[in-house]
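File shown here: start.cif, holding mmCIF, C-alpha atoms.
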data_data
loop_
_atom_site.label_atom_id
_atom_site.label_comp_id
_atom_site.auth_asym_id
_atom_site.auth_seq_id
_atom_site.Cartn_x
_atom_site.Cartn_y
_atom_site.Cartn_z
CA MET A 1 15.20 -24.24 -0.35
CA PRO A 2 13.63 -21.80 2.10
CA GLU A 3 15.48 -18.98 3.75
CA PHE A 4 15.42 -18.87 7.54
CA VAL A 5 14.49 -16.44 10.29
CA GLY A 6 16.17 -17.88 13.33
CA ASP A 7 15.27 -21.56 13.17
CA LYS A 8 12.05 -20.99 11.27
CA PRO A 9 11.72 -21.38 7.47
CA LEU A 10 10.80 -18.48 5.19
CA TRP A 11 9.44 -19.40 1.77
CA ILE A 12 9.22 -16.80 -1.00
CA VAL A 13 6.32 -17.18 -3.46
CA SER A 14 6.04 -14.99 -6.56
CA PHE A 15 2.97 -13.84 -8.50
CA ASP A 16 2.70 -12.05 -11.84
CA LYS A 17 0.54 -8.99 -12.52
CA ASP A 18 -2.47 -11.21 -13.28
CA GLY A 19 -2.11 -13.13 -10.03
CA ASP A 20 -0.69 -16.27 -11.61
CA VAL A 21 1.56 -17.98 -9.08
CA ASP A 22 5.06 -19.30 -9.70
CA ARG A 23 4.35 -23.03 -9.49
CA ASP A 24 7.82 -23.96 -8.26
CA GLY A 25 7.56 -21.54 -5.35
CA ALA A 26 4.03 -22.65 -4.47
CA ASP A 27 5.00 -26.34 -4.64
CA ALA A 28 8.03 -25.71 -2.44
CA LEU A 29 5.82 -24.01 0.15
CA VAL A 30 3.33 -26.88 0.17
CA ALA A 31 6.10 -29.46 0.43
CA GLY A 32 7.76 -27.53 3.24
CA VAL A 33 4.57 -27.26 5.27
CA ARG A 34 4.12 -31.01 4.93
CA GLN A 35 7.71 -31.95 5.75
CA ARG A 36 7.85 -29.76 8.85
CA GLY A 37 4.36 -30.52 10.09
CA LEU A 38 3.58 -26.84 10.58
CA THR A 39 0.68 -25.79 12.74
CA ASP A 40 0.88 -22.08 11.81
CA LEU A 41 1.89 -20.22 8.65
CA ILE A 42 2.38 -16.44 8.73
CA VAL A 43 2.10 -14.86 5.26
CA PHE A 44 3.36 -11.30 4.56
CA SER A 45 2.88 -9.18 1.43
CA HIS A 46 5.05 -6.14 0.68
CA GLY A 47 3.75 -2.89 -0.78
CA TRP A 48 5.30 -0.68 -3.46
CA ASN A 49 8.71 -2.27 -3.86
CA ASN A 50 9.80 -3.99 -7.08
CA ASP A 51 13.18 -5.06 -5.71
CA ARG A 52 13.01 -8.67 -4.54
CA SER A 53 16.05 -8.28 -2.29
CA LYS A 54 14.49 -5.33 -0.45
CA ALA A 55 11.19 -7.16 -0.04
CA VAL A 56 12.97 -10.21 1.38
CA ASP A 57 14.99 -7.93 3.66
CA LEU A 58 11.72 -6.46 4.95
CA TYR A 59 10.42 -9.97 5.65
CA GLN A 60 13.61 -10.92 7.48
CA ARG A 61 13.45 -7.76 9.61
CA TRP A 62 9.76 -7.99 10.43
CA PHE A 63 9.66 -11.72 11.06
CA GLY A 64 12.81 -11.29 13.13
CA LYS A 65 10.81 -9.07 15.51
CA LEU A 66 7.99 -11.62 15.57
CA ASP A 67 10.38 -14.53 16.09
CA ALA A 68 11.83 -12.91 19.22
CA LEU A 69 8.41 -12.71 20.92
CA PRO A 70 6.91 -15.45 23.09
CA SER A 71 4.98 -18.23 21.38
CA ALA A 72 3.58 -21.50 22.67
CA ALA A 73 5.98 -24.45 22.52
CA THR A 74 3.29 -26.50 20.80
CA ARG A 75 3.27 -24.18 17.79
CA ARG A 76 5.34 -25.19 14.78
CA ILE A 77 5.57 -21.91 12.89
CA GLY A 78 6.70 -21.08 9.37
CA TYR A 79 6.81 -17.87 7.36
CA ALA A 80 5.99 -17.02 3.75
CA GLY A 81 6.59 -13.82 1.80
CA ALA A 82 4.69 -12.88 -1.34
CA ILE A 83 6.54 -11.17 -4.19
CA TRP A 84 4.42 -9.39 -6.82
CA PRO A 85 5.24 -6.85 -9.54
CA SER A 86 4.88 -3.50 -7.86
CA GLU A 87 7.41 -0.74 -8.46
CA ARG A 88 9.75 1.59 -6.63
CA TRP A 89 10.86 4.98 -7.88
CA SER A 90 14.62 5.33 -7.58
CA ASP A 91 14.29 8.77 -5.92
CA GLU A 92 12.05 7.40 -3.17
CA PRO A 93 13.95 6.09 -0.14
CA ILE A 94 12.80 2.95 1.61
CA GLY A 95 13.12 3.49 5.32
CA ASP A 96 15.84 1.52 7.08
CA PHE A 97 13.80 1.70 10.30
CA ALA A 98 16.89 2.79 12.27
CA PRO A 99 17.04 6.60 12.37
CA ALA A 100 20.24 8.12 13.70
CA VAL A 101 18.33 10.19 16.26
CA ALA A 102 15.04 8.86 17.56
CA PRO A 103 12.28 11.31 18.53
CA THR A 104 12.08 11.98 22.26
CA GLY A 105 8.41 12.84 22.43
CA ALA A 106 5.26 13.67 20.53
CA ALA A 107 6.49 17.15 19.63
CA ALA A 108 9.75 15.80 18.24
CA ALA A 109 7.87 13.11 16.38
CA ARG A 110 5.72 15.68 14.64
CA ARG A 111 8.57 18.02 13.69
CA ARG A 112 9.12 18.34 9.94
CA ASP A 113 12.43 19.50 8.56
CA SER A 114 12.54 21.11 5.16
CA VAL A 115 14.26 19.04 2.49
CA PRO A 116 15.43 20.33 -0.90
CA ALA A 117 13.38 19.42 -3.93
CA GLY A 118 14.95 17.05 -6.41
CA SER A 119 14.63 17.41 -10.15
CA PRO A 120 11.15 17.21 -11.67
CA THR A 121 12.62 15.03 -14.42
CA LEU A 122 12.49 11.23 -14.55
CA ASP A 123 15.94 9.69 -14.22
CA ALA A 124 16.84 6.89 -16.64
CA ASP A 125 16.55 4.13 -14.03
CA THR A 126 13.08 5.20 -12.93
CA LEU A 127 11.87 5.54 -16.52
CA GLN A 128 13.12 2.08 -17.46
CA MET A 129 11.61 0.57 -14.32
CA LEU A 130 8.24 2.19 -15.02
CA LYS A 131 8.26 0.97 -18.61
CA ALA A 132 9.12 -2.56 -17.48
CA THR A 133 6.32 -2.47 -14.90
CA PHE A 134 3.78 -0.89 -17.27
CA PRO A 135 4.76 -2.05 -20.77
CA ASP A 136 1.36 -1.08 -22.19
CA GLY A 137 2.05 2.53 -21.22
CA ALA A 138 5.65 2.76 -22.46
CA GLN A 139 4.81 5.20 -25.27
CA GLN A 140 3.09 7.62 -22.90
CA LEU A 141 5.88 7.31 -20.32
CA ASP A 142 8.50 8.29 -22.90
CA ARG A 143 6.51 11.39 -23.82
CA ILE A 144 5.86 12.29 -20.16
CA ALA A 145 9.59 12.03 -19.43
CA GLU A 146 10.32 14.32 -22.37
CA LEU A 147 7.77 16.89 -21.20
CA LEU A 148 9.13 16.86 -17.63
CA ARG A 149 12.52 17.89 -19.06
CA THR A 150 11.02 21.06 -20.55
CA GLU A 151 13.19 24.02 -19.57
CA ARG A 152 10.50 26.66 -20.08
CA PRO A 153 7.14 24.98 -19.51
CA ASN A 154 3.96 26.75 -20.57
CA PRO A 155 0.24 26.00 -20.36
CA GLY A 156 0.50 23.78 -23.44
CA THR A 157 3.18 21.68 -21.73
CA ILE A 158 0.97 21.22 -18.67
CA ASP A 159 -2.11 20.29 -20.69
CA GLU A 160 -0.20 17.69 -22.69
CA LEU A 161 1.29 16.17 -19.53
CA PHE A 162 -2.22 15.76 -18.16
CA ARG A 163 -3.44 14.23 -21.42
CA GLN A 164 -0.54 11.78 -21.55
CA MET A 165 -1.22 10.69 -17.97
CA ARG A 166 -4.85 10.05 -18.86
CA GLU A 167 -3.81 7.97 -21.84
CA PHE A 168 -1.28 6.10 -19.69
CA SER A 169 -3.97 5.19 -17.17
CA ILE A 170 -6.37 4.02 -19.86
CA ALA A 171 -3.63 1.94 -21.51
CA THR A 172 -2.45 0.28 -18.31
CA PHE A 173 -5.71 -0.43 -16.51
CA PRO A 174 -8.18 -2.66 -18.38
CA GLY A 175 -11.67 -1.21 -18.46
CA SER A 176 -10.59 2.39 -17.84
CA SER A 177 -12.06 4.90 -20.23
CA ASP A 178 -13.24 8.47 -20.50
CA SER A 179 -16.81 7.23 -20.09
CA GLU A 180 -16.25 6.64 -16.36
CA GLY A 181 -16.70 10.35 -15.78
CA PRO A 182 -15.51 12.37 -12.82
CA LYS A 183 -16.99 10.29 -10.01
CA VAL A 184 -15.48 6.81 -10.05
CA ASN A 185 -15.27 4.17 -7.35
CA ALA A 186 -13.27 5.52 -4.41
CA ASP A 187 -11.18 2.35 -4.24
CA THR A 188 -10.73 1.01 -7.76
CA GLY A 189 -10.67 1.92 -11.41
CA PHE A 190 -9.60 5.17 -13.02
CA PRO A 191 -7.89 7.80 -10.79
CA ALA A 192 -10.47 10.53 -10.35
CA MET A 193 -7.91 13.32 -10.48
CA LEU A 194 -7.52 12.57 -14.20
CA SER A 195 -11.17 13.21 -14.98
CA ARG A 196 -11.68 15.09 -18.24
CA ASN A 197 -13.52 17.76 -16.20
CA ASN A 198 -10.43 18.63 -14.17
CA ASP A 199 -8.02 21.45 -14.93
CA ALA A 200 -4.45 20.19 -15.46
CA SER A 201 -2.77 23.16 -13.83
CA GLU A 202 -5.04 22.96 -10.79
CA VAL A 203 -4.35 19.24 -10.28
CA PHE A 204 -0.57 19.66 -10.60
CA ARG A 205 -0.58 22.76 -8.38
CA ASP A 206 -2.38 20.74 -5.70
CA PHE A 207 0.48 18.24 -5.72
CA ALA A 208 3.10 20.99 -5.71
CA MET A 209 1.39 22.65 -2.75
CA GLU A 210 1.26 19.32 -0.91
CA LEU A 211 4.98 18.87 -1.49
CA MET A 212 5.64 22.24 0.12
CA ARG A 213 3.24 21.58 3.01
CA SER A 214 4.99 18.28 3.69
CA GLY A 215 8.38 19.98 3.98
CA VAL A 216 9.85 20.02 0.45
CA ASP A 217 11.56 23.32 -0.45
CA LEU A 218 10.33 24.22 -3.94
CA GLU A 219 11.22 27.89 -3.50
CA SER A 220 14.94 27.10 -3.50
CA ALA A 221 14.46 24.77 -6.44
CA GLN A 222 13.13 27.73 -8.43
CA GLY A 223 15.85 30.13 -7.29
CA GLY A 224 13.47 32.07 -5.05
CA THR A 225 11.99 34.10 -7.92
CA ALA A 226 8.37 34.49 -8.90
CA GLY A 227 8.35 34.75 -12.66
CA ILE A 228 5.77 32.91 -14.76
CA GLY A 229 8.37 30.34 -15.81
CA ASP A 230 9.16 29.64 -12.16
CA ILE A 231 5.48 29.12 -11.41
CA PHE A 232 5.22 26.54 -14.16
CA GLY A 233 8.46 25.00 -12.94
CA LYS A 234 6.79 24.33 -9.61
CA VAL A 235 3.86 22.88 -11.49
CA LEU A 236 6.29 20.44 -13.16
CA HIS A 237 7.31 19.22 -9.71
CA GLY A 238 3.62 18.72 -9.00
CA ALA A 239 3.18 16.89 -12.30
CA LYS A 240 5.94 14.44 -11.37
CA GLU A 241 4.21 13.73 -8.06
CA ALA A 242 0.92 13.32 -9.90
CA LEU A 243 2.56 10.71 -12.15
CA ARG A 244 3.88 8.95 -9.06
CA ALA A 245 0.34 8.90 -7.68
CA VAL A 246 -1.04 7.54 -10.97
CA THR A 247 1.47 4.68 -10.97
CA TYR A 248 0.68 3.95 -7.34
CA TRP A 249 -3.02 3.93 -8.18
CA GLN A 250 -2.35 1.31 -10.83
CA MET A 251 -0.35 -0.70 -8.27
CA LYS A 252 -3.32 -0.53 -5.92
CA ASN A 253 -5.57 -1.96 -8.59
CA ARG A 254 -3.00 -4.66 -9.36
CA ALA A 255 -2.71 -5.55 -5.68
CA GLY A 256 -6.39 -6.48 -5.61
CA VAL A 257 -5.96 -8.72 -8.66
CA VAL A 258 -2.93 -10.46 -7.15
CA GLY A 259 -4.77 -11.03 -3.88
CA GLU A 260 -8.02 -12.33 -5.32
CA ASN A 261 -6.68 -14.30 -8.28
CA GLY A 262 -3.36 -15.43 -6.83
CA LEU A 263 -2.91 -15.47 -3.06
CA GLY A 264 -6.51 -16.41 -2.24
CA PRO A 265 -6.49 -19.58 -4.38
CA LEU A 266 -3.07 -20.51 -2.98
CA LEU A 267 -4.48 -20.26 0.54
CA GLY A 268 -7.35 -22.47 -0.61
CA ARG A 269 -4.86 -25.06 -1.86
CA LEU A 270 -3.02 -25.00 1.45
CA HIS A 271 -6.30 -25.55 3.30
CA ARG A 272 -7.26 -28.51 1.09
CA GLU A 273 -3.94 -30.22 1.73
CA PHE A 274 -3.61 -29.21 5.40
CA PRO A 275 -7.10 -28.67 6.88
CA SER A 276 -5.75 -27.92 10.36
CA LEU A 277 -3.10 -25.39 9.25
CA ARG A 278 -3.69 -21.99 10.82
CA ILE A 279 -2.95 -19.18 8.35
CA ASN A 280 -2.33 -15.58 9.43
CA LEU A 281 -1.99 -12.73 6.93
CA ILE A 282 0.03 -9.50 7.16
CA GLY A 283 0.20 -6.77 4.54
CA HIS A 284 2.02 -3.45 4.32
CA SER A 285 0.83 -0.56 2.15
CA PHE A 286 -0.59 -2.05 -1.08
CA GLY A 287 0.30 -5.43 0.38
CA ALA A 288 -2.51 -4.82 2.87
CA ARG A 289 -4.81 -4.74 -0.13
CA VAL A 290 -3.23 -7.96 -1.46
CA VAL A 291 -4.00 -9.92 1.70
CA SER A 292 -7.44 -8.32 2.10
CA TYR A 293 -8.48 -9.26 -1.41
CA ALA A 294 -7.10 -12.76 -0.82
CA LEU A 295 -10.19 -13.18 1.37
CA ALA A 296 -12.33 -12.63 -1.71
CA GLY A 297 -10.29 -15.28 -3.53
CA LEU A 298 -10.80 -17.97 -0.89
CA PRO A 299 -13.09 -20.84 -1.88
CA ASP A 300 -16.66 -20.41 -0.67
CA GLY A 301 -18.05 -22.31 2.28
CA LEU A 302 -14.93 -22.71 4.42
CA ALA A 303 -16.14 -23.01 8.01
CA PRO A 304 -14.21 -22.34 10.06
CA SER A 305 -11.93 -20.31 7.84
CA PRO A 306 -8.25 -21.32 7.70
CA VAL A 307 -7.39 -17.61 8.00
CA LYS A 308 -7.11 -16.90 11.72
CA SER A 309 -6.10 -13.23 11.58
CA VAL A 310 -5.36 -10.39 9.18
CA THR A 311 -3.05 -7.52 10.18
CA LEU A 312 -2.94 -4.45 7.93
CA LEU A 313 0.07 -2.14 8.35
CA GLN A 314 -0.37 1.33 6.82
CA GLY A 315 -2.89 -0.01 4.32
CA ALA A 316 -2.89 1.99 1.08
CA PHE A 317 -6.51 1.54 0.08
CA SER A 318 -9.90 2.97 0.92
CA SER A 319 -10.95 3.21 4.54
CA PHE A 320 -14.42 2.30 3.26
CA ALA A 321 -13.36 -0.97 1.62
CA PHE A 322 -15.22 -3.08 4.23
CA ALA A 323 -18.14 -0.66 4.69
CA ASP A 324 -21.73 -1.78 4.04
CA PRO A 325 -23.30 0.47 2.92
CA LEU A 326 -21.01 3.31 1.91
CA PRO A 327 -21.84 6.34 4.05
CA PHE A 328 -21.76 8.70 1.07
CA ASP A 329 -23.85 6.39 -1.17
CA ARG A 330 -26.31 4.18 0.70
CA ASN A 331 -27.00 2.17 -2.47
CA ARG A 332 -23.42 0.90 -2.68
CA ARG A 333 -21.09 -1.13 -0.50
CA GLY A 334 -17.32 -1.35 -0.18
CA GLY A 335 -15.43 -3.74 -2.41
CA LEU A 336 -14.69 -6.02 0.57
CA ALA A 337 -18.03 -5.68 2.37
CA GLY A 338 -18.79 -8.90 4.20
CA ARG A 339 -15.35 -10.40 3.60
CA SER A 340 -14.22 -10.03 7.19
CA ASN A 341 -16.52 -12.95 7.98
CA ARG A 342 -13.99 -15.08 6.09
CA VAL A 343 -11.55 -14.57 8.96
CA ASP A 344 -11.79 -16.85 11.98
CA GLY A 345 -10.27 -14.08 14.06
CA PRO A 346 -9.75 -10.31 13.95
CA VAL A 347 -8.80 -7.91 11.14
CA SER A 348 -6.40 -5.41 12.73
CA VAL A 349 -6.06 -2.06 10.93
CA CYS A 350 -2.87 -0.34 12.12
CA PHE A 351 -2.61 3.32 11.08
CA SER A 352 -0.54 6.43 11.79
CA SER A 353 -1.08 10.17 11.50
CA HIS A 354 2.61 10.51 10.53
CA ASP A 355 2.20 8.62 7.26
CA GLY A 356 2.72 11.44 4.74
CA ALA A 357 2.19 9.19 1.73
CA LEU A 358 -1.32 8.22 2.85
CA ASN A 359 -2.41 11.31 4.77
CA ASN A 360 -1.28 13.82 2.14
CA PHE A 361 -0.67 12.33 -1.30
CA TYR A 362 -3.00 9.34 -1.54
CA PRO A 363 -6.16 11.48 -1.27
CA LEU A 364 -5.03 13.73 -4.13
CA ALA A 365 -5.07 10.80 -6.55
CA SER A 366 -8.78 10.44 -5.84
CA LYS A 367 -9.69 14.09 -5.71
CA VAL A 368 -12.31 15.40 -8.11
CA ALA A 369 -12.32 19.08 -9.05
CA GLY A 370 -14.99 20.95 -7.16
CA ASP A 371 -15.23 18.42 -4.34
CA ASN A 372 -14.03 19.20 -0.84
CA ALA A 373 -11.38 16.76 0.39
CA ALA A 374 -11.34 18.33 3.83
CA GLY A 375 -13.48 17.08 6.65
CA ALA A 376 -13.94 13.94 8.63
CA HIS A 377 -14.17 10.32 7.72
CA GLY A 378 -17.85 10.21 6.98
CA ASP A 379 -17.91 12.57 4.01
CA ASN A 380 -14.47 11.92 2.55
CA PRO A 381 -14.54 8.92 0.19
CA TRP A 382 -10.83 9.05 -0.57
CA THR A 383 -9.23 8.63 2.84
CA ALA A 384 -6.72 5.78 3.15
CA MET A 385 -7.06 3.04 5.73
CA GLY A 386 -3.45 3.45 6.86
CA ALA A 387 -4.02 7.15 7.55
CA VAL A 388 -7.23 7.11 9.60
CA GLY A 389 -8.24 3.48 10.07
CA ALA A 390 -11.29 1.67 8.76
CA PHE A 391 -14.67 3.41 8.83
CA GLU A 392 -16.77 3.16 12.00
CA VAL A 393 -15.06 0.31 13.84
CA THR A 394 -13.76 0.01 17.40
CA GLN A 395 -10.50 1.91 17.94
CA VAL A 396 -7.71 1.39 20.49
CA GLU A 397 -4.16 2.65 20.95
CA LEU A 398 -1.23 0.42 20.00
CA ARG A 399 -0.24 -1.41 23.16
CA GLY A 400 2.97 -2.83 24.54
CA VAL A 401 4.34 -6.36 24.35
CA GLY A 402 2.43 -8.54 26.80
CA ASP A 403 -0.78 -6.52 26.67
CA ASP A 404 -4.12 -7.83 25.43
CA TYR A 405 -6.48 -6.45 22.78
CA PRO A 406 -10.30 -6.63 22.57
CA PHE A 407 -10.27 -8.81 19.46
CA THR A 408 -13.46 -10.36 18.06
CA ALA A 409 -13.54 -13.01 15.35
CA GLY A 410 -14.73 -11.70 12.00
CA GLU A 411 -14.61 -8.04 13.06
CA LEU A 412 -12.29 -5.14 12.27
CA ILE A 413 -10.45 -3.17 14.91
CA ASN A 414 -8.54 0.08 14.38
CA ILE A 415 -5.17 0.32 16.15
CA ASP A 416 -3.72 3.82 16.33
CA ALA A 417 0.06 3.38 15.99
CA SER A 418 0.83 7.11 15.74
CA GLU A 419 3.09 7.06 18.79
CA THR A 420 5.25 4.28 17.27
CA VAL A 421 5.07 4.76 13.50
CA VAL A 422 6.73 8.20 13.43
CA ASN A 423 10.07 7.98 11.63
CA GLY A 424 10.55 9.18 8.07
CA GLN A 425 11.45 12.23 6.03
CA PRO A 426 9.20 14.47 3.95
CA PRO A 427 7.33 14.09 1.79
CA PHE A 428 6.34 10.47 2.51
CA GLY A 429 6.82 10.49 6.25
CA ALA A 430 6.55 7.32 8.31
CA HIS A 431 4.86 5.15 5.68
CA SER A 432 7.59 2.48 5.84
CA ASP A 433 8.30 2.68 9.58
CA ILE A 434 6.65 -0.64 10.42
CA VAL A 435 9.37 -2.86 11.91
CA HIS A 436 8.52 -2.64 15.61
CA GLU A 437 8.06 -5.34 18.20
CA ASN A 438 4.74 -3.95 19.44
CA LEU A 439 3.35 -4.20 15.90
CA ALA A 440 4.60 -7.78 15.78
CA TRP A 441 2.89 -8.35 19.14
CA VAL A 442 -0.43 -7.45 17.50
CA VAL A 443 0.04 -10.51 15.28
CA VAL A 444 0.99 -12.72 18.24
CA LYS A 445 -2.23 -11.82 20.06
CA ALA A 446 -4.47 -11.78 16.99
CA SER A 447 -3.22 -15.20 15.86
CA LYS A 448 -3.03 -16.60 19.43
CA LEU A 449 0.54 -17.77 18.81
CA ASP A 450 1.16 -17.52 22.55
CA THR A 451 -1.70 -19.90 23.30
CA PRO A 452 -1.15 -23.71 23.35
#

Same coordinates, now as structure tokens:
Amino acid sequence: MPEFVGDKPLWIVSFDKDGDVDRDGADALVAGVRQRGLTDLIVFSHGWNNDRSKAVDLYQRWFGKLDALPSAATRRIGYAGAIWPSERWSDEPIGDFAPAVAPTGAAAARRRDSVPAGSPTLDADTLQMLKATFPDGAQQLDRIAELLRTERPNPGTIDELFRQMREFSIATFPGSSDSEGPKVNADTGFPAMLSRNNDASEVFRDFAMELMRSGVDLESAQGGTAGIGDIFGKVLHGAKEALRAVTYWQMKNRAGVVGENGLGPLLGRLHREFPSLRINLIGHSFGARVVSYALAGLPDGLAPSPVKSVTLLQGAFSSFAFADPLPFDRNRRGGLAGRSNRVDGPVSVCFSSHDGALNNFYPLASKVAGDNAAGAHGDNPWTAMGAVGAFEVTQVELRGVGDDYPFTAGELINIDASETVVNGQPPFGAHSDIVHENLAWVVVKASKLDTP
């Protein structure tokens, strides 16, 4: 039985790490579309969140905003939420989207309050969750957890942590190997920060420095002293953040697999059974990658496409994913180059400058020693779509409910949501601050739900 948002059904469909769909959930969705004679299906994919209840809560909240907006009486609308095996660290809060004190202006929105650093160790719940999510890397995770508990870390500790993270990545991502070298694809494969040419201490210090820049107080965590042990203690905090980035990188890779091998074929099945059904896709964080790669998994030759719009909320993947050619390598193209023509409507890329996870930490997972991560879009192959938008496409500000957008079928449009997506604490900022009616209005206009 579906859940409901108002009077509209919400079906939950699960996929495993290889993209294989839960047949019972898929069959229930197909049967429900048929029984209710739906004209429109809105499909949402969550990002890094392994807790089904929290993912469903997100869908209820977000679709609740959408459900309250005007739609044409002739539309018979249903909702679907994808569940796939991502993961959530127990020390990472998921925003409740209802801050006690809302910012009163741009200056307040940009203010960062210092927060105390937690322990650099892995708590038991996080370790068990990571091992369940990445069973092939369980041995390395146990050793990493042991090393993060080191009371007096030294250079040997740091080097072994780096080596164990490399081995974890190779074990958990098929095809990864040392032979990939320092310059790997900016959007897939082995995290470049773990290149054999990189210095472990430098990589972990980069993460520790980013923690402090984002508002985390590592000085207090080390007692305010400056001994060599304290320096390496800060590096341990950086190492924990580096591990978080490595696991997120693996989730990003998995999201593409789930989209292409799982969600895309399911959308193809829906189209075969209901040729007139209008499908609209929404993805948050790595879920934006899921729904984007679902376009690659659609059957060839669908004209017009059953997908009428794609809305990406704080997308945690390369801003060059749709580029053709890549600006920093004219002989290559983005992994999704040409796929926007599989949308019979717009691809909306909503981004925010207040997303600490994507503006600050995501790029470090791709950083290669000796390269300059500073600079603008054109020479920075590891910027995230949810931080700066997609490369070289039309850009507008997020507009209010009732306003129009210059949408074009088959084309991307960047929507700067920095004045709305602002709420969140350091170090991850506003990454999860996505439940807003004006973001839901983007979907209404992109999918033409307000049009008979």

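In terms of minimum interatomic distance to A:Leu281, A:Tyr79 ranks closest within A:Trp11, A:Tyr79, A:Phe190, A:Trp89, counting all atoms listed in the file.
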
> Can you list what the PyMOL selection byres ((chain A and resi 70) around 10) grabs from this structure, as a PyMOL selection string?
Replying inline: chain A and resi 66-69+71-73+401-402+441+444+449-451

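One distance worth recording is that between atom CA of A:Val5 and atom CA of A:Asp57, which is 10.8 Å.
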
> Can you tell me, as a PyMOL selection string, what residues are no more than 7 Å from stretch 23-33 of chain A when counting only C-alpha atoms, ignoring any on the same chain fewer than 6 positions away?
Replying inline: chain A and resi 11-14+270

Which protein, DNA or RNA residues are at most 9 Å from (1.3, 12.6, 11.1) in the file's coordinates when you count all atoms listed in the file, listed as a compact mmCIF listing (two decimals) with C-alpha atoms, in the coordinates of the input?
# COMPACT_ATOMS: atom_id res chain seq x y z
CA ALA A 109 7.87 13.11 16.38
CA ARG A 110 5.72 15.68 14.64
CA SER A 352 -0.54 6.43 11.79
CA SER A 353 -1.08 10.17 11.50
CA HIS A 354 2.61 10.51 10.53
CA ASP A 355 2.20 8.62 7.26
CA GLY A 356 2.72 11.44 4.74
CA ASN A 359 -2.41 11.31 4.77
CA ALA A 387 -4.02 7.15 7.55
CA SER A 418 0.83 7.11 15.74
CA VAL A 422 6.73 8.20 13.43
CA GLY A 429 6.82 10.49 6.25
CA ALA A 430 6.55 7.32 8.31

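For the set A:Phe204, A:Ala409, A:Val246, A:Val349, the residue with the smallest atom-to-atom gap to A:Gly283 is A:Val349, counting only C-alpha atoms.
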
> Within 9 Å of A:Leu236, counting only C-alpha atoms, which residues qualify if same-chain residues fewer than 5 places away don't, as JSON, numbers by chain?
Replying inline: {"A": [120, 121, 147, 148, 149, 150, 153, 158, 204, 205, 208, 231, 241]}

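The gap separating atom CA of A:Arg61 from atom CA of A:His431 is 16.0 Å, in Å to one decimal.
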
> So which one's closest to A:Gly19, A:Asp123, A:Asp91, A:Glu260, A:Glu151? Using all atoms listed in the file, please.
Replying inline: A:Glu260

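Nearest-residue note for A:Ala82: choosing from A:Asp16, A:Glu167, A:Asp40, A:Asp125, the minimum distance belongs to A:Asp16, counting all atoms listed in the file.
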
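Using all atoms listed in the file, the nearest neighbour of A:Arg342 within the list A:Ala294, A:Ala239, A:Val203, A:Ala55 is A:Ala294.
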
>> To test your reading of the syntax: which residues would the PyMOL selection byres ((chain A and resi 172) around 10) return for the file shown? Reply as a PyMOL selection string.
In response: chain A and resi 133-138+167-171+173-176+247+250

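Atom pair atom CA of A:Ala192 / atom CA of A:Arg289: separated by 19.2 Å.
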
Taking the file as I've supplied it (selection: the PyMOL selection byres ((chain A and resi 201) around 12)), which residues are included? Please answer as a compact mmCIF listing (two decimals) with C-alpha atoms, keeping the file's coordinate frame.
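Saved result, expr.txt, follows:
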# COMPACT_ATOMS: atom_id res chain seq x y z
CA PRO A 153 7.14 24.98 -19.51
CA ASN A 154 3.96 26.75 -20.57
CA PRO A 155 0.24 26.00 -20.36
CA GLY A 156 0.50 23.78 -23.44
CA THR A 157 3.18 21.68 -21.73
CA ILE A 158 0.97 21.22 -18.67
CA ASP A 159 -2.11 20.29 -20.69
CA GLU A 160 -0.20 17.69 -22.69
CA LEU A 161 1.29 16.17 -19.53
CA PHE A 162 -2.22 15.76 -18.16
CA ARG A 163 -3.44 14.23 -21.42
CA MET A 193 -7.91 13.32 -10.48
CA LEU A 194 -7.52 12.57 -14.20
CA ASN A 198 -10.43 18.63 -14.17
CA ASP A 199 -8.02 21.45 -14.93
CA ALA A 200 -4.45 20.19 -15.46
CA GLU A 202 -5.04 22.96 -10.79
CA VAL A 203 -4.35 19.24 -10.28
CA PHE A 204 -0.57 19.66 -10.60
CA ARG A 205 -0.58 22.76 -8.38
CA ASP A 206 -2.38 20.74 -5.70
CA PHE A 207 0.48 18.24 -5.72
CA ALA A 208 3.10 20.99 -5.71
CA MET A 209 1.39 22.65 -2.75
CA ILE A 231 5.48 29.12 -11.41
CA PHE A 232 5.22 26.54 -14.16
CA GLY A 233 8.46 25.00 -12.94
CA LYS A 234 6.79 24.33 -9.61
CA VAL A 235 3.86 22.88 -11.49
CA LEU A 236 6.29 20.44 -13.16
CA HIS A 237 7.31 19.22 -9.71
CA GLY A 238 3.62 18.72 -9.00
CA ALA A 239 3.18 16.89 -12.30
CA ALA A 242 0.92 13.32 -9.90
CA ALA A 369 -12.32 19.08 -9.05

Quick one: 5 Å padding each side, axis-aligned, all listed atoms of stretch 39-57 of chain A - centre and edge lengths in Å to one decimal, as lines of an AutoDock Vina configuration file?
center_x = 8.4
center_y = -13.2
center_z = 2.8
size_x = 25.4
size_y = 35.1
size_z = 29.8

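Residue nearest A:Phe286 within the list A:Glu411, A:Glu87, A:Asp404, A:Glu437: A:Glu87 [criterion: smallest interatomic distance, only C-alpha atoms].
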
> In file coordinates, which residues lie within 9 Å of (-0.9, -2.0, -8.8) using all atoms listed in the file, given as a PyMOL selection string?
Replying inline: chain A and resi 17+48+85-87+247-258+286

Which residues of stretch 278-305 of chain A sit at most 12 Å from stretch 320-330 of chain A, using all atoms listed in the file? Give each one's shortest atom pair and distance in Å (one decimal place), in chain and ascending residue order, as JSON lines.
{"residue": "A:Ala288", "atom": "CA", "partner": "A:Ala321", "partner_atom": "CA", "distance": 11.6}
{"residue": "A:Arg289", "atom": "CA", "partner": "A:Ala321", "partner_atom": "CA", "distance": 9.5}
{"residue": "A:Ser292", "atom": "CA", "partner": "A:Ala321", "partner_atom": "CA", "distance": 9.4}
{"residue": "A:Tyr293", "atom": "CA", "partner": "A:Ala321", "partner_atom": "CA", "distance": 10.1}
{"residue": "A:Leu295", "atom": "CA", "partner": "A:Phe322", "partner_atom": "CA", "distance": 11.6}
{"residue": "A:Ala296", "atom": "CA", "partner": "A:Phe322", "partner_atom": "CA", "distance": 11.6}
